[in-house]
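J.: Quick one: this structure, given as structure tokens, is what I'll be asking you about.
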Amino acid sequence: MTTAIWWIRRDLRLTDNQALAAALAHADQVVPVFVLDPKLLHSQSVGEKRLAFLLGGLHALATDIAARGGCLIVRSGEPAQVLARLCQECAAVAIYAERDVSPYATARDVAVKEAVMAPLILTEGVAIRTPAAIVKKDDAPYTVFTPYSRRWRARPPMQRSDILPAPRTLKLDIRIDGEAIPPQPSLPQIEAFPPSEAEAKARLDHFSQGAQAPIYVYAEDRNRPEMEGTSQLSPYLRFGMISSRTAAVAAYTAVESAPTAAARASADAWLNELIWRDFYLSILHHFPYVREGSFRRQYDAIDWQNDETLYAAWCAGQTGYPFIDAAMRQLATLGWMHNRARMAVASFLVKDLLIDWRWGERWFMQMLIDGDPAANNGGWQWSAGTGTDAAPYFRIFNPTAQGQKFDPDGVYVRRWAPELRTVPDKYIHEPWRMARSEQLCAGCIIGQDYPAPIVDHAQARERALAAYKATRG
DNA sequence: TTTTGAGTTGTTCGA
DNA sequence: GTCGAACAACTCAAA
């Protein structure tokens with residue numbers, strides 16, 4: 001009877017789990033283990049919502065494993081030490097885990113390899129196509145998305161038959177002691193994202209299946225933050241409650257069975273977003289220094305203002321720009337923000353407030369349930385214009401115009417900034433333009449019930465253009 | 001080696 | 001109100 005360890009990290013699922021499948025293929029029985037790493041658990045960059053989502057996901061996974069006769073082992077401590085001891089206890093022949101790309105994860109895995117007698121075998125699965133698989137003809141990594149995506153799409157599509165089924169049984173004939181999973185903190189806020197593999201599957205099915213599926217109007221609806229036009233799968237992909245490959249199969253299937261050309265293009269746009277996810281995983285893998293500074297080094301020279309008071313106002317959703325404030329409050333409440341809004345608030349922090357994009361990156365990592373080092377860093381560097389194929393420096397979002405364009409009736413603003421509920425549509429994205437009498441009439445006094453704009457956008461735009469120009473030539 | 005075409009998501013201004 | 005141009009070179013990828 002041989003035993004292998006399935007070391008669970010960000011693959012909280014039984015279906016299409018390459019690490020689990022490999023462990024089962026090479027040993028008679030598998031011990032599923034999750035290590036509560038104090039470095040991650042008590043890290044400043046892991047906010048309570050993401051932690052709660054993870055713990056909830058562990059409870060759900062433990063239930064799924066128990067239903068198959070197995071037992072999820074949870075232990076606290078340094079992964080290298082915990083796994084070395086566990087390997088001895090159960091005489092494991094190997095440890096199987098899914099390869100991760102972040103600098104922290106790779107360093108951790110090196111430490112485990114050194115400390116543990118049994119081999120650590122890493123399988124793929126975080127990305128749909130691995131960083132090593134999508135490279136140029138000379139084996140150098142891509143740094144521009146479009147050619148990367150062409151190469152990605154040139155590979156054979158994955159199919160339903162590629163999805164590994166969940167194992168029928170995970171029975172163990174040995175007894176291993178573990179700790180209780182810490183209770184999931186009851187944060188009413190994260191009810192928007194119930195953490196489980198079943199929920200992830202249900203969301204993907206809802207989003208992608210049937211002729212009326214949201215994926216077929218995604219190209220339009222994804223820009224409307226008040227609508228449920230996106231899949232809202234990001235937290236589930238972050239923790240692997242659904243495999244990225246399963247999402248890709250759903251995308252390919254939707255593209256193939258699209259009822260119209262527009263629907264097909266729309267489903268394809270969603271597939272493109274999955275490719276973006278792979279792209280940023282690849283960038284972090286090949287260029288780990290992006291965690292510290294700009295992908296393009298010359299932009300480390302930007303003369304940031306880094307005003308603490310303005311930063312605090314941005315974090316709190318008190319900038320005086322309704323679209324920005326609604327978005328920041330959605331983030332604080334849900335631990336999630338609509339993508340359109342993420343771009344707007346990022347542009348506002350970096351360009352309007354001239355605050356270092358790393359400050360925003362850090363805040364997002366603290367607040368987001370889906371906070372992922374690769375995607376978050378890629379997104380911020382894109383917004384700041386410091387990244388791979390970044391937005392041109394003169395592309396500065398207008399916080400008022402973004403609201404008028406993508407939240408024309410102010411539904412999103414009124415939902416998340418209720419003090420503006422009675423402001424007329426005409427002023428909903430620029431309430432400071434109301435005359436005093438109109439403010440009284442709306443029951444919303446600017447500077448009292450809702451802040452005046454903390455910066456003047458037109459002036460801020462000129463300042464940002466100058467600051468970016470100064471780094472050139 | 002050189003050349004060529006192209007590059008997520010925007011805004012403003014002037015005709 | 002609508003539309004096209006300007007914004008700014010620069011680097012990347014591939015032929």
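Ordering of the structure tokens sets the chain letters (A, B, ...), residue numbers begin anew at 1 in every chain, and ligands are numbered from 1 in the order given.
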Define the interface residues of chain C facing chain A as those within 12 Å, counting only C-alpha atoms (C1' of nucleotides), and report them as number ranges by chain.
T.: C: 6-14
J.: Those same residues, written as a PDB file, in the first residue's frame with C-alpha atoms (C1' of nucleotides)?
T.:
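Once everything was written out, this is selection-v5.pdb:
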```pdb
ATOM      1  C1'  DA C   6      -4.128  64.333 -32.262  1.00  0.00           C
ATOM      2  C1'  DC C   7      -2.065  62.723 -28.307  1.00  0.00           C
ATOM      3  C1'  DA C   8       4.062  60.282 -29.126  1.00  0.00           C
ATOM      4  C1'  DA C   9       7.196  57.941 -30.065  1.00  0.00           C
ATOM      5  C1'  DC C  10       8.739  53.365 -29.132  1.00  0.00           C
ATOM      6  C1'  DT C  11       9.153  48.622 -28.904  1.00  0.00           C
ATOM      7  C1'  DC C  12       7.893  44.243 -30.158  1.00  0.00           C
ATOM      8  C1'  DA C  13       7.140  40.268 -33.246  1.00  0.00           C
ATOM      9  C1'  DA C  14       7.605  38.273 -37.395  1.00  0.00           C
TER      10       DA C  14
END
```
J.: Could you produce a table of the residues of chain A lying within 12 Å of chain B, with the nearest pair of atoms per residue and their separation in Å rounded to one decimal, using only C-alpha atoms (C1' of nucleotides), ordered by chain and increasing residue number, as CSV?
T.:
```
residue,atom,partner,partner_atom,distance
A:Thr143,CA,B:DG7,C1',11.3
A:Val144,CA,B:DG7,C1',7.9
A:Phe145,CA,B:DG7,C1',8.7
A:Thr146,CA,B:DG7,C1',7.8
A:Pro147,CA,B:DG7,C1',9.7
A:Ser149,CA,B:DT8,C1',11.9
A:Ala219,CA,B:DT9,C1',11.0
A:Glu220,CA,B:DT9,C1',11.9
A:Arg222,CA,B:DT9,C1',10.6
A:Asn223,CA,B:DT9,C1',9.0
A:Ala269,CA,B:DT8,C1',10.4
A:Asn272,CA,B:DT8,C1',9.8
A:Glu273,CA,B:DT8,C1',9.7
A:Ile275,CA,B:DT8,C1',11.9
A:Trp276,CA,B:DT8,C1',9.6
A:Asn339,CA,B:DT9,C1',9.7
A:Arg340,CA,B:DT9,C1',8.0
A:Ala341,CA,B:DT9,C1',11.1
A:Arg342,CA,B:DT9,C1',11.1
A:Met343,CA,B:DT9,C1',8.3
A:Ala344,CA,B:DT9,C1',10.3
A:Ser347,CA,B:DG10,C1',10.8
A:Gly379,CA,B:DT8,C1',11.2
A:Trp382,CA,B:DT8,C1',9.8
A:Ser383,CA,B:DT9,C1',10.2
A:Thr388,CA,B:DG7,C1',10.7
A:Asp389,CA,B:DG7,C1',7.2
A:Ala390,CA,B:DG7,C1',9.2
A:Ala391,CA,B:DT8,C1',8.5
A:Pro392,CA,B:DG10,C1',9.5
A:Tyr393,CA,B:DG10,C1',10.6
A:Phe394,CA,B:DG10,C1',8.5
A:Arg395,CA,B:DG10,C1',5.2
A:Ile396,CA,B:DG10,C1',6.4
A:Phe397,CA,B:DG10,C1',6.1
A:Asn398,CA,B:DT11,C1',7.3
A:Pro399,CA,B:DT11,C1',11.1
A:Thr400,CA,B:DT11,C1',11.6
A:Ala401,CA,B:DT11,C1',9.2
A:Gln402,CA,B:DG10,C1',9.5
A:Lys405,CA,B:DG10,C1',11.8
A:His457,CA,B:DT11,C1',11.9
A:Ala458,CA,B:DT12,C1',10.6
A:Arg461,CA,B:DT11,C1',10.2
A:Glu462,CA,B:DT12,C1',12.0
```
J.: Just list as an MDAnalysis selection string whatever in segment 304-378 of chain A DSSP marks as helix (DSSP H, G or I).
T.: chainID A and resid 308:316 322:334 339:352 357:367 373:378
J.: At what distance in Å, to one decimal, does atom CA of Ala313 of chain A lie from atom CA of Ile445 of chain A?
T.: 18.2 Å
J.: Please list as a PyMOL selection string every residue within 7 Å of segment 193-198 of chain A, counting only C-alpha atoms (C1' of nucleotides) and excluding residues in the same chain fewer than 5 positions away.
T.: chain A and resi 13+53+56-57+60+241-242
J.: Could you write out the selected residues, including N, CA and C atoms, as an mmCIF file, in the first residue's frame?
T.:
```
data_model
loop_
_atom_site.group_PDB
_atom_site.id
_atom_site.type_symbol
_atom_site.label_atom_id
_atom_site.label_comp_id
_atom_site.auth_asym_id
_atom_site.auth_seq_id
_atom_site.Cartn_x
_atom_site.Cartn_y
_atom_site.Cartn_z
ATOM 1 N N ARG A 13 -10.503 21.983 -5.314
ATOM 2 C CA ARG A 13 -11.530 21.303 -6.096
ATOM 3 C C ARG A 13 -11.136 19.853 -6.292
ATOM 4 N N PHE A 53 -12.972 33.699 2.607
ATOM 5 C CA PHE A 53 -13.342 32.931 1.403
ATOM 6 C C PHE A 53 -12.534 31.643 1.329
ATOM 7 N N GLY A 56 -13.748 29.252 4.113
ATOM 8 C CA GLY A 56 -15.035 28.687 3.689
ATOM 9 C C GLY A 56 -14.839 27.638 2.617
ATOM 10 N N GLY A 57 -13.933 27.911 1.699
ATOM 11 C CA GLY A 57 -13.636 26.953 0.647
ATOM 12 C C GLY A 57 -13.047 25.664 1.198
ATOM 13 N N ALA A 60 -15.870 23.606 2.601
ATOM 14 C CA ALA A 60 -16.626 22.964 1.519
ATOM 15 C C ALA A 60 -15.847 21.792 0.935
ATOM 16 N N MET A 241 -11.421 26.818 -7.306
ATOM 17 C CA MET A 241 -12.660 26.088 -7.010
ATOM 18 C C MET A 241 -13.284 25.600 -8.315
ATOM 19 N N ILE A 242 -12.794 26.166 -9.404
ATOM 20 C CA ILE A 242 -13.061 25.612 -10.724
ATOM 21 C C ILE A 242 -11.752 25.722 -11.479
#
```
J.: Considering only C-alpha atoms (C1' of nucleotides), return as a list in words whatever protein or nucleic-acid residues lie within 10 Å of Ala213 of chain A, sequence-local ones (same chain, fewer than 6 positions apart) excluded.
T.: Asp205, His206, Phe207, Ala254, Ala258, Ala263 and Ala267 of chain A
J.: Can you write just those residues out, N, CA and C atoms, as a PDB file, in the first residue's frame?
T.:
```pdb
ATOM      1  N   ASP A 205     -21.903  27.529 -15.423  1.00  0.00           N
ATOM      2  CA  ASP A 205     -22.997  26.991 -16.235  1.00  0.00           C
ATOM      3  C   ASP A 205     -24.017  28.087 -16.548  1.00  0.00           C
ATOM      4  N   HIS A 206     -24.380  28.829 -15.514  1.00  0.00           N
ATOM      5  CA  HIS A 206     -25.343  29.907 -15.715  1.00  0.00           C
ATOM      6  C   HIS A 206     -24.836  30.912 -16.746  1.00  0.00           C
ATOM      7  N   PHE A 207     -23.555  31.211 -16.647  1.00  0.00           N
ATOM      8  CA  PHE A 207     -22.975  32.251 -17.509  1.00  0.00           C
ATOM      9  C   PHE A 207     -22.832  31.795 -18.955  1.00  0.00           C
ATOM     10  N   ALA A 254     -19.099  27.664 -26.043  1.00  0.00           N
ATOM     11  CA  ALA A 254     -20.031  28.767 -26.315  1.00  0.00           C
ATOM     12  C   ALA A 254     -19.719  29.410 -27.662  1.00  0.00           C
ATOM     13  N   ALA A 258     -22.551  29.371 -30.722  1.00  0.00           N
ATOM     14  CA  ALA A 258     -23.173  30.691 -30.681  1.00  0.00           C
ATOM     15  C   ALA A 258     -24.248  30.816 -31.765  1.00  0.00           C
ATOM     16  N   ALA A 263     -23.025  37.032 -31.125  1.00  0.00           N
ATOM     17  CA  ALA A 263     -22.925  36.190 -29.930  1.00  0.00           C
ATOM     18  C   ALA A 263     -21.587  35.457 -29.906  1.00  0.00           C
ATOM     19  N   ALA A 267     -18.751  35.715 -26.978  1.00  0.00           N
ATOM     20  CA  ALA A 267     -18.161  34.579 -26.258  1.00  0.00           C
ATOM     21  C   ALA A 267     -16.645  34.572 -26.437  1.00  0.00           C
TER      22      ALA A 267
END
```
J.: Trp270 of chain A: which residues within 12 Å, counting only C-alpha atoms (C1' of nucleotides), same-chain residues fewer than 6 positions away excluded, as a CSV table (one decimal) with C-alpha atoms, in the first residue's frame?
T.:
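Generated output (out_31.csv):
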```
chain,number,residue,atom,x,y,z
A,204,LEU,CA,-20.0,29.0,-15.0
A,207,PHE,CA,-23.0,32.3,-17.5
A,208,SER,CA,-22.1,30.1,-20.5
A,214,PRO,CA,-24.9,36.0,-20.5
A,215,ILE,CA,-21.7,35.1,-22.3
A,216,TYR,CA,-23.5,35.9,-25.6
A,217,VAL,CA,-24.0,39.6,-24.6
A,218,TYR,CA,-20.9,39.8,-22.6
A,219,ALA,CA,-19.1,42.2,-25.0
A,220,GLU,CA,-21.8,44.8,-24.3
A,221,ASP,CA,-22.9,44.1,-20.8
A,222,ARG,CA,-19.4,43.7,-19.3
A,229,GLY,CA,-22.8,41.2,-17.2
A,230,THR,CA,-19.6,39.5,-16.1
A,231,SER,CA,-19.2,35.9,-15.0
A,232,GLN,CA,-18.1,36.9,-11.4
A,233,LEU,CA,-15.9,33.8,-11.4
A,247,ALA,CA,-13.7,27.7,-17.9
A,248,ALA,CA,-11.8,27.5,-21.3
A,249,VAL,CA,-13.9,24.5,-22.4
A,250,ALA,CA,-17.0,26.5,-21.6
A,251,ALA,CA,-15.7,29.4,-23.6
A,252,TYR,CA,-14.8,27.3,-26.6
A,253,THR,CA,-18.1,25.5,-26.5
A,254,ALA,CA,-20.0,28.8,-26.3
A,255,VAL,CA,-18.1,30.1,-29.3
A,263,ALA,CA,-22.9,36.2,-29.9
A,264,ARG,CA,-19.9,34.3,-31.2
A,276,TRP,CA,-5.3,37.8,-20.4
A,277,ARG,CA,-5.2,35.8,-17.1
```
J.: What is the distance between atom CA of Glu199 of chain A and atom CA of Asp325 of chain A, in Å to one decimal?
T.: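 A separation of 29.5 Å between them.
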J.: Between atom CA of Gly387 of chain A and atom CA of Ser294 of chain A, what is the spacing in Å?
T.: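 Between atom CA of Ser294 of chain A and atom CA of Gly387 of chain A the gap is 6.4 Å.
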J.: Run DSSP on the backbone and tell me which residues of segment 53-199 of chain A come out as strand (DSSP E or B); list them as a list in words.
T.: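 After running DSSP on the backbone, segment 53-199 of chain A has strand (DSSP E or B) at Ile73, Val74, Arg75, Ser76, Ala92, Val93, Ala94, Ile95, Tyr96, Ala97, Glu98, Leu120, Ile121, Leu122, Thr123, Val135 and Pro141 of chain A.
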